[in-house]
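> Encoded as structure tokens, here's the structure I'll be asking about.
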Amino acid sequence: PARTTGGPMGRQLRKRRLRAGFWQGMREGEDEKGPLEFEPMESPWTAAVIWLHGFGDEPEAWAEFMAADRRARPSWAWVFPRAKVLPQPCYGGQELTAWASFLDAEVIRPGGADYDSSANNFAKTVALIHRSVDAVRARHNLPAERVAIAGFSQGAAAAAAAALNYPERLGGIGLLSGWLLKASRQSVSRARSPSCGPGACFFVSHGTADTQVAFECAEESTRLLRESGASVVARAFPKLEHEAGANAAVPDVMCFLDDCLCAPVAVRAREETGANPAQAQVYHTSAGEGSARPELGCLRRSKKARDVTVIVH
């Protein structure tokens, strides 16, 4: 496929798997695997994160990549849903793991077919994520504001669609190298969702050299969310591509989740994972003063700040 399958496992491995027919035999209903779920290692159980992988990938890659982050937050539950194997029209019907069918093999950008993909295309995925949220809340007796949803690439689009269609406000929503679907953009601009508007928290990150999902998608998402009154932490990574930009954002999205989910071990978690991204410079704040804390690998906002945009050198 022209579009790189998405995740931290590496392009060459995925290309070899594609050539070897790795996903054959994993069609819906055939030896189907479920999500990866990690129960909290200590009580009281305080929060849960639902994390969605990218197109053509599986949850094992992200779960392994984030193992240290998971261990450093022992009171959190983690759920890594698994996408179905779906035929992809833009690749002649080839079947790949995906949250929906891609319509166009070109880069995703405002005005494109996949940027404006219909809600029906993601309906089954949204229902799946809602079931995951409901299940983890019931299992651990968690309020909605202690649950966050995040995703990478197509998983980010699905995460936002699910969060913005959930009947209660969630604790945080993270979009790594992703975009907002047409229905999601309408929900934000028309204030239809409890998870947008004042009090809602979003993290948006993107590599400026992304040739899979154009950087303009992140800029447009950030603009719409801020106009709705939501708090947005936006990270831009110059010269980084699709996957590299997402990988570089992980320390920052974990700090965002610490803040949103009120983790009592936030600082300890950053120390244990050794989070220390490249020095960051605040280049825009739209409400109040923001400051970067590279020694903690975290962006902190003052009490008056609503959102901060940071560029990493």
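Lettering and numbering for the structure tokens are positional, with chains as A, B, ... in the shown order, residues counted from 1 in each chain, and ligands counted from 1 in the shown order.
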Can you check which parts of stretch 37-135 of chain A lie within 12 Å of stretch 221-232 of chain A? Per residue, the shortest pair of atoms and distance in Å to one decimal, counting only C-alpha atoms, sorted by chain and number, as JSON lines.


```
{"residue": "A:Arg109", "atom": "CA", "partner": "A:Ser221", "partner_atom": "CA", "distance": 11.5}
{"residue": "A:Pro110", "atom": "CA", "partner": "A:Ser221", "partner_atom": "CA", "distance": 10.3}
{"residue": "A:Tyr115", "atom": "CA", "partner": "A:Ser221", "partner_atom": "CA", "distance": 11.4}
```

> Which polymer residues have any atom within 9 Å of an atom of A:Gln212, counting only C-alpha atoms, with same-chain residues fewer than 3 positions away left out, as a list in words?

Arg3, Thr4, Glu106, Val107, Ile108, Arg109, Ser153, Ser177, Glu241 and His242 of chain A

> List the neighbours of A:Gly112 out to 12 Å using only C-alpha atoms; skip same-chain residues closer than 2 positions along the sequence, and give me the result as an MDAnalysis selection string.

chainID A and resid 102:110 114:118 179 181:182 213:214 216:217

> Restricting the calculation to only C-alpha atoms, which member of A:Ala98, A:Ala47, A:Leu128, A:Leu240 is positioned closest to A:Asn141?

A:Ala47

> Find the residue from A:Val126, A:Ala63, A:Cys262, A:Leu176 that sits nearest to A:Ala248; use only C-alpha atoms when measuring.

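Comparing A:Val126, A:Ala63, A:Cys262, A:Leu176 against A:Ala248, the winner is A:Leu176.
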
> Do a neighbour search on stretch 202-209 of chain A at 6 Å with only C-alpha atoms, toss out local chain neighbours closer than 5 positions, and write the hits as a list in words.

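My list of contacting residues is Gly172, Ile173, Gly174, Leu175, Leu176, Ser177, Phe215, Val232, Val233, Ala234, Arg235, Ala236, Phe237, Pro238, Lys239, Leu240, Glu241 and Gly245 of chain A.
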
> Could you work out how far atom CA of A:Glu39 lies from atom CA of A:Pro74, giving the answer in Å with one decimal?

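Taking atom CA of A:Pro74 as the start and atom CA of A:Glu39 as the end point, the length is 8.7 Å.
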
> Need the shell around A:Glu64: protein/DNA/RNA residues with any atom at most 12 Å away, counting only C-alpha atoms. Skip same-chain ones fewer than 2 positions apart. Format as an mmCIF file with C-alpha atoms, in the first residue's frame?


```cif
data_model
loop_
_atom_site.group_PDB
_atom_site.id
_atom_site.type_symbol
_atom_site.label_atom_id
_atom_site.label_comp_id
_atom_site.auth_asym_id
_atom_site.auth_seq_id
_atom_site.Cartn_x
_atom_site.Cartn_y
_atom_site.Cartn_z
ATOM 1 C CA GLY A 7 2.515 2.013 14.723
ATOM 2 C CA PRO A 8 5.832 1.920 16.546
ATOM 3 C CA MET A 9 6.819 -1.512 15.245
ATOM 4 C CA LEU A 36 -5.218 -6.284 25.112
ATOM 5 C CA PHE A 38 -3.960 -4.588 31.569
ATOM 6 C CA HIS A 53 -3.395 1.689 17.216
ATOM 7 C CA GLU A 58 -2.191 -4.411 16.031
ATOM 8 C CA PRO A 59 -2.383 -3.421 19.714
ATOM 9 C CA GLU A 60 0.657 -5.467 20.769
ATOM 10 C CA ALA A 61 3.059 -2.960 19.221
ATOM 11 C CA TRP A 62 1.782 0.044 21.179
ATOM 12 C CA MET A 66 4.384 1.955 26.255
ATOM 13 C CA ALA A 67 5.249 -0.771 28.771
ATOM 14 C CA ALA A 68 7.335 1.545 30.974
ATOM 15 C CA ASP A 69 4.587 4.172 30.957
ATOM 16 C CA ARG A 70 2.064 1.548 32.022
ATOM 17 C CA ARG A 71 4.243 0.214 34.848
ATOM 18 C CA PHE A 80 -5.692 -1.529 23.710
#
```

> Per DSSP on the backbone, what are the alpha helix (DSSP H) residues of stretch 61-225 of chain A, as a PyMOL selection string?

chain A and resi 61-65+67-71+123-140+154-164+182-189+215-225

> Rank nothing, just name the residue among A:His130, A:Arg73, A:Arg82, A:Lys33 nearest to A:Phe55, using only C-alpha atoms.

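Checking each of A:His130, A:Arg73, A:Arg82, A:Lys33 against A:Phe55, counting only C-alpha atoms, the winner is A:Arg82.
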
> Which one is closest to A:Glu145: A:Ser187, A:Pro251, A:Asp210, A:Arg169? Count only C-alpha atoms.

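Answer, going by the shortest atom-to-atom distance: A:Arg169.
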
> Given the choices A:Ala48, A:Ala135, A:Ala119, A:Ala100, which gets closest to A:Pro87 if the distance is worked out from only C-alpha atoms?

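Of A:Ala48, A:Ala135, A:Ala119, A:Ala100, the one nearest A:Pro87, counting only C-alpha atoms, is A:Ala100.
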
> Can you list every residue of stretch 66-124 of chain A that has an atom at most 10 Å from stretch 159-162 of chain A, with its nearest atom pair and the distance in Å to one decimal, using only C-alpha atoms, ordered by chain then number, as CSV?


```
residue,atom,partner,partner_atom,distance
A:Trp99,CA,A:Ala159,CA,9.9
A:Ala119,CA,A:Ala161,CA,8.2
A:Phe122,CA,A:Ala161,CA,8.0
A:Ala123,CA,A:Ala162,CA,8.9
```

> Any idea what the distance is between atom CA of A:Val85 and atom CA of A:Ala244?

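Interatomic distance, atom CA of A:Val85 to atom CA of A:Ala244: 24.7 Å.
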
> So which one's closest to A:Ala156, A:Met254, A:Met41, A:Val133, A:Ala246? Using only C-alpha atoms, please.

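Counting only C-alpha atoms, the residue closest to A:Ala156 is A:Ala246.
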
> Write out as a PyMOL selection string the residues lying within 10 Å of A:Ser193, counting only C-alpha atoms and excluding same-chain residues fewer than 6 positions away.

chain A and resi 163-169+184+186-187+200

> Can I get the selected residues back with all heavy atoms, as a PDB file, in the first residue's frame?


```pdb
ATOM      1  N   ALA A 163     -15.091   9.523  21.417  1.00  0.00           N
ATOM      2  CA  ALA A 163     -15.183  10.408  22.583  1.00  0.00           C
ATOM      3  C   ALA A 163     -16.257  11.465  22.397  1.00  0.00           C
ATOM      4  O   ALA A 163     -17.021  11.772  23.321  1.00  0.00           O
ATOM      5  CB  ALA A 163     -13.829  11.066  22.833  1.00  0.00           C
ATOM      6  N   LEU A 164     -16.338  12.024  21.194  1.00  0.00           N
ATOM      7  CA  LEU A 164     -17.302  13.097  20.941  1.00  0.00           C
ATOM      8  C   LEU A 164     -18.726  12.579  20.800  1.00  0.00           C
ATOM      9  O   LEU A 164     -19.674  13.359  20.807  1.00  0.00           O
ATOM     10  CB  LEU A 164     -16.892  13.871  19.686  1.00  0.00           C
ATOM     11  CG  LEU A 164     -15.607  14.707  19.848  1.00  0.00           C
ATOM     12  CD1 LEU A 164     -15.118  15.207  18.493  1.00  0.00           C
ATOM     13  CD2 LEU A 164     -15.839  15.871  20.802  1.00  0.00           C
ATOM     14  N   ASN A 165     -18.886  11.258  20.689  1.00  0.00           N
ATOM     15  CA  ASN A 165     -20.214  10.659  20.643  1.00  0.00           C
ATOM     16  C   ASN A 165     -20.595   9.979  21.953  1.00  0.00           C
ATOM     17  O   ASN A 165     -21.693   9.426  22.053  1.00  0.00           O
ATOM     18  CB  ASN A 165     -20.292   9.627  19.507  1.00  0.00           C
ATOM     19  CG  ASN A 165     -20.569  10.266  18.163  1.00  0.00           C
ATOM     20  OD1 ASN A 165     -21.706  10.603  17.849  1.00  0.00           O
ATOM     21  ND2 ASN A 165     -19.527  10.454  17.378  1.00  0.00           N
ATOM     22  N   TYR A 166     -19.690  10.019  22.934  1.00  0.00           N
ATOM     23  CA  TYR A 166     -19.984   9.386  24.214  1.00  0.00           C
ATOM     24  C   TYR A 166     -20.938  10.292  25.001  1.00  0.00           C
ATOM     25  O   TYR A 166     -20.805  11.529  24.968  1.00  0.00           O
ATOM     26  CB  TYR A 166     -18.693   9.153  24.992  1.00  0.00           C
ATOM     27  CG  TYR A 166     -18.850   8.174  26.137  1.00  0.00           C
ATOM     28  CD1 TYR A 166     -19.070   6.822  25.885  1.00  0.00           C
ATOM     29  CD2 TYR A 166     -18.795   8.599  27.466  1.00  0.00           C
ATOM     30  CE1 TYR A 166     -19.221   5.919  26.922  1.00  0.00           C
ATOM     31  CE2 TYR A 166     -18.951   7.703  28.508  1.00  0.00           C
ATOM     32  CZ  TYR A 166     -19.164   6.359  28.234  1.00  0.00           C
ATOM     33  OH  TYR A 166     -19.328   5.468  29.267  1.00  0.00           O
ATOM     34  N   PRO A 167     -21.903   9.730  25.730  1.00  0.00           N
ATOM     35  CA  PRO A 167     -22.918  10.570  26.391  1.00  0.00           C
ATOM     36  C   PRO A 167     -22.429  11.364  27.585  1.00  0.00           C
ATOM     37  O   PRO A 167     -23.144  12.244  28.069  1.00  0.00           O
ATOM     38  CB  PRO A 167     -23.984   9.546  26.811  1.00  0.00           C
ATOM     39  CG  PRO A 167     -23.262   8.244  26.910  1.00  0.00           C
ATOM     40  CD  PRO A 167     -22.223   8.298  25.836  1.00  0.00           C
ATOM     41  N   GLU A 168     -21.214  11.079  28.086  1.00  0.00           N
ATOM     42  CA  GLU A 168     -20.665  11.819  29.209  1.00  0.00           C
ATOM     43  C   GLU A 168     -19.291  12.371  28.839  1.00  0.00           C
ATOM     44  O   GLU A 168     -18.605  11.832  27.961  1.00  0.00           O
ATOM     45  CB  GLU A 168     -20.533  10.918  30.440  1.00  0.00           C
ATOM     46  CG  GLU A 168     -21.845  10.345  30.941  1.00  0.00           C
ATOM     47  CD  GLU A 168     -21.642   9.429  32.120  1.00  0.00           C
ATOM     48  OE1 GLU A 168     -21.145   9.895  33.173  1.00  0.00           O
ATOM     49  OE2 GLU A 168     -21.952   8.228  32.000  1.00  0.00           O
ATOM     50  N   ARG A 169     -18.892  13.424  29.531  1.00  0.00           N
ATOM     51  CA  ARG A 169     -17.575  14.008  29.268  1.00  0.00           C
ATOM     52  C   ARG A 169     -16.474  13.107  29.799  1.00  0.00           C
ATOM     53  O   ARG A 169     -16.492  12.702  30.959  1.00  0.00           O
ATOM     54  CB  ARG A 169     -17.446  15.398  29.902  1.00  0.00           C
ATOM     55  CG  ARG A 169     -16.028  15.968  29.809  1.00  0.00           C
ATOM     56  CD  ARG A 169     -15.964  17.411  30.212  1.00  0.00           C
ATOM     57  NE  ARG A 169     -16.644  18.235  29.219  1.00  0.00           N
ATOM     58  CZ  ARG A 169     -16.857  19.548  29.368  1.00  0.00           C
ATOM     59  NH1 ARG A 169     -16.470  20.161  30.473  1.00  0.00           N
ATOM     60  NH2 ARG A 169     -17.461  20.228  28.426  1.00  0.00           N
ATOM     61  N   SER A 184     -17.128  14.620  13.516  1.00  0.00           N
ATOM     62  CA  SER A 184     -16.473  15.120  14.733  1.00  0.00           C
ATOM     63  C   SER A 184     -16.328  16.626  14.681  1.00  0.00           C
ATOM     64  O   SER A 184     -16.567  17.327  15.677  1.00  0.00           O
ATOM     65  CB  SER A 184     -15.103  14.465  14.897  1.00  0.00           C
ATOM     66  OG  SER A 184     -15.212  13.071  15.058  1.00  0.00           O
ATOM     67  N   GLN A 186     -18.220  18.668  13.076  1.00  0.00           N
ATOM     68  CA  GLN A 186     -19.556  19.243  13.270  1.00  0.00           C
ATOM     69  C   GLN A 186     -19.970  19.214  14.740  1.00  0.00           C
ATOM     70  O   GLN A 186     -20.571  20.169  15.240  1.00  0.00           O
ATOM     71  CB  GLN A 186     -20.562  18.485  12.411  1.00  0.00           C
ATOM     72  CG  GLN A 186     -20.387  18.716  10.918  1.00  0.00           C
ATOM     73  CD  GLN A 186     -21.305  17.845  10.077  1.00  0.00           C
ATOM     74  OE1 GLN A 186     -21.864  16.852  10.551  1.00  0.00           O
ATOM     75  NE2 GLN A 186     -21.471  18.212   8.809  1.00  0.00           N
ATOM     76  N   SER A 187     -19.640  18.127  15.431  1.00  0.00           N
ATOM     77  CA  SER A 187     -19.955  18.041  16.858  1.00  0.00           C
ATOM     78  C   SER A 187     -19.259  19.134  17.642  1.00  0.00           C
ATOM     79  O   SER A 187     -19.831  19.732  18.558  1.00  0.00           O
ATOM     80  CB  SER A 187     -19.555  16.668  17.410  1.00  0.00           C
ATOM     81  OG  SER A 187     -20.357  15.647  16.876  1.00  0.00           O
ATOM     82  N   ALA A 200     -13.424  20.762  28.474  1.00  0.00           N
ATOM     83  CA  ALA A 200     -12.920  19.581  27.778  1.00  0.00           C
ATOM     84  C   ALA A 200     -11.412  19.718  27.561  1.00  0.00           C
ATOM     85  O   ALA A 200     -10.893  20.821  27.399  1.00  0.00           O
ATOM     86  CB  ALA A 200     -13.627  19.417  26.439  1.00  0.00           C
TER      87      ALA A 200
END
```
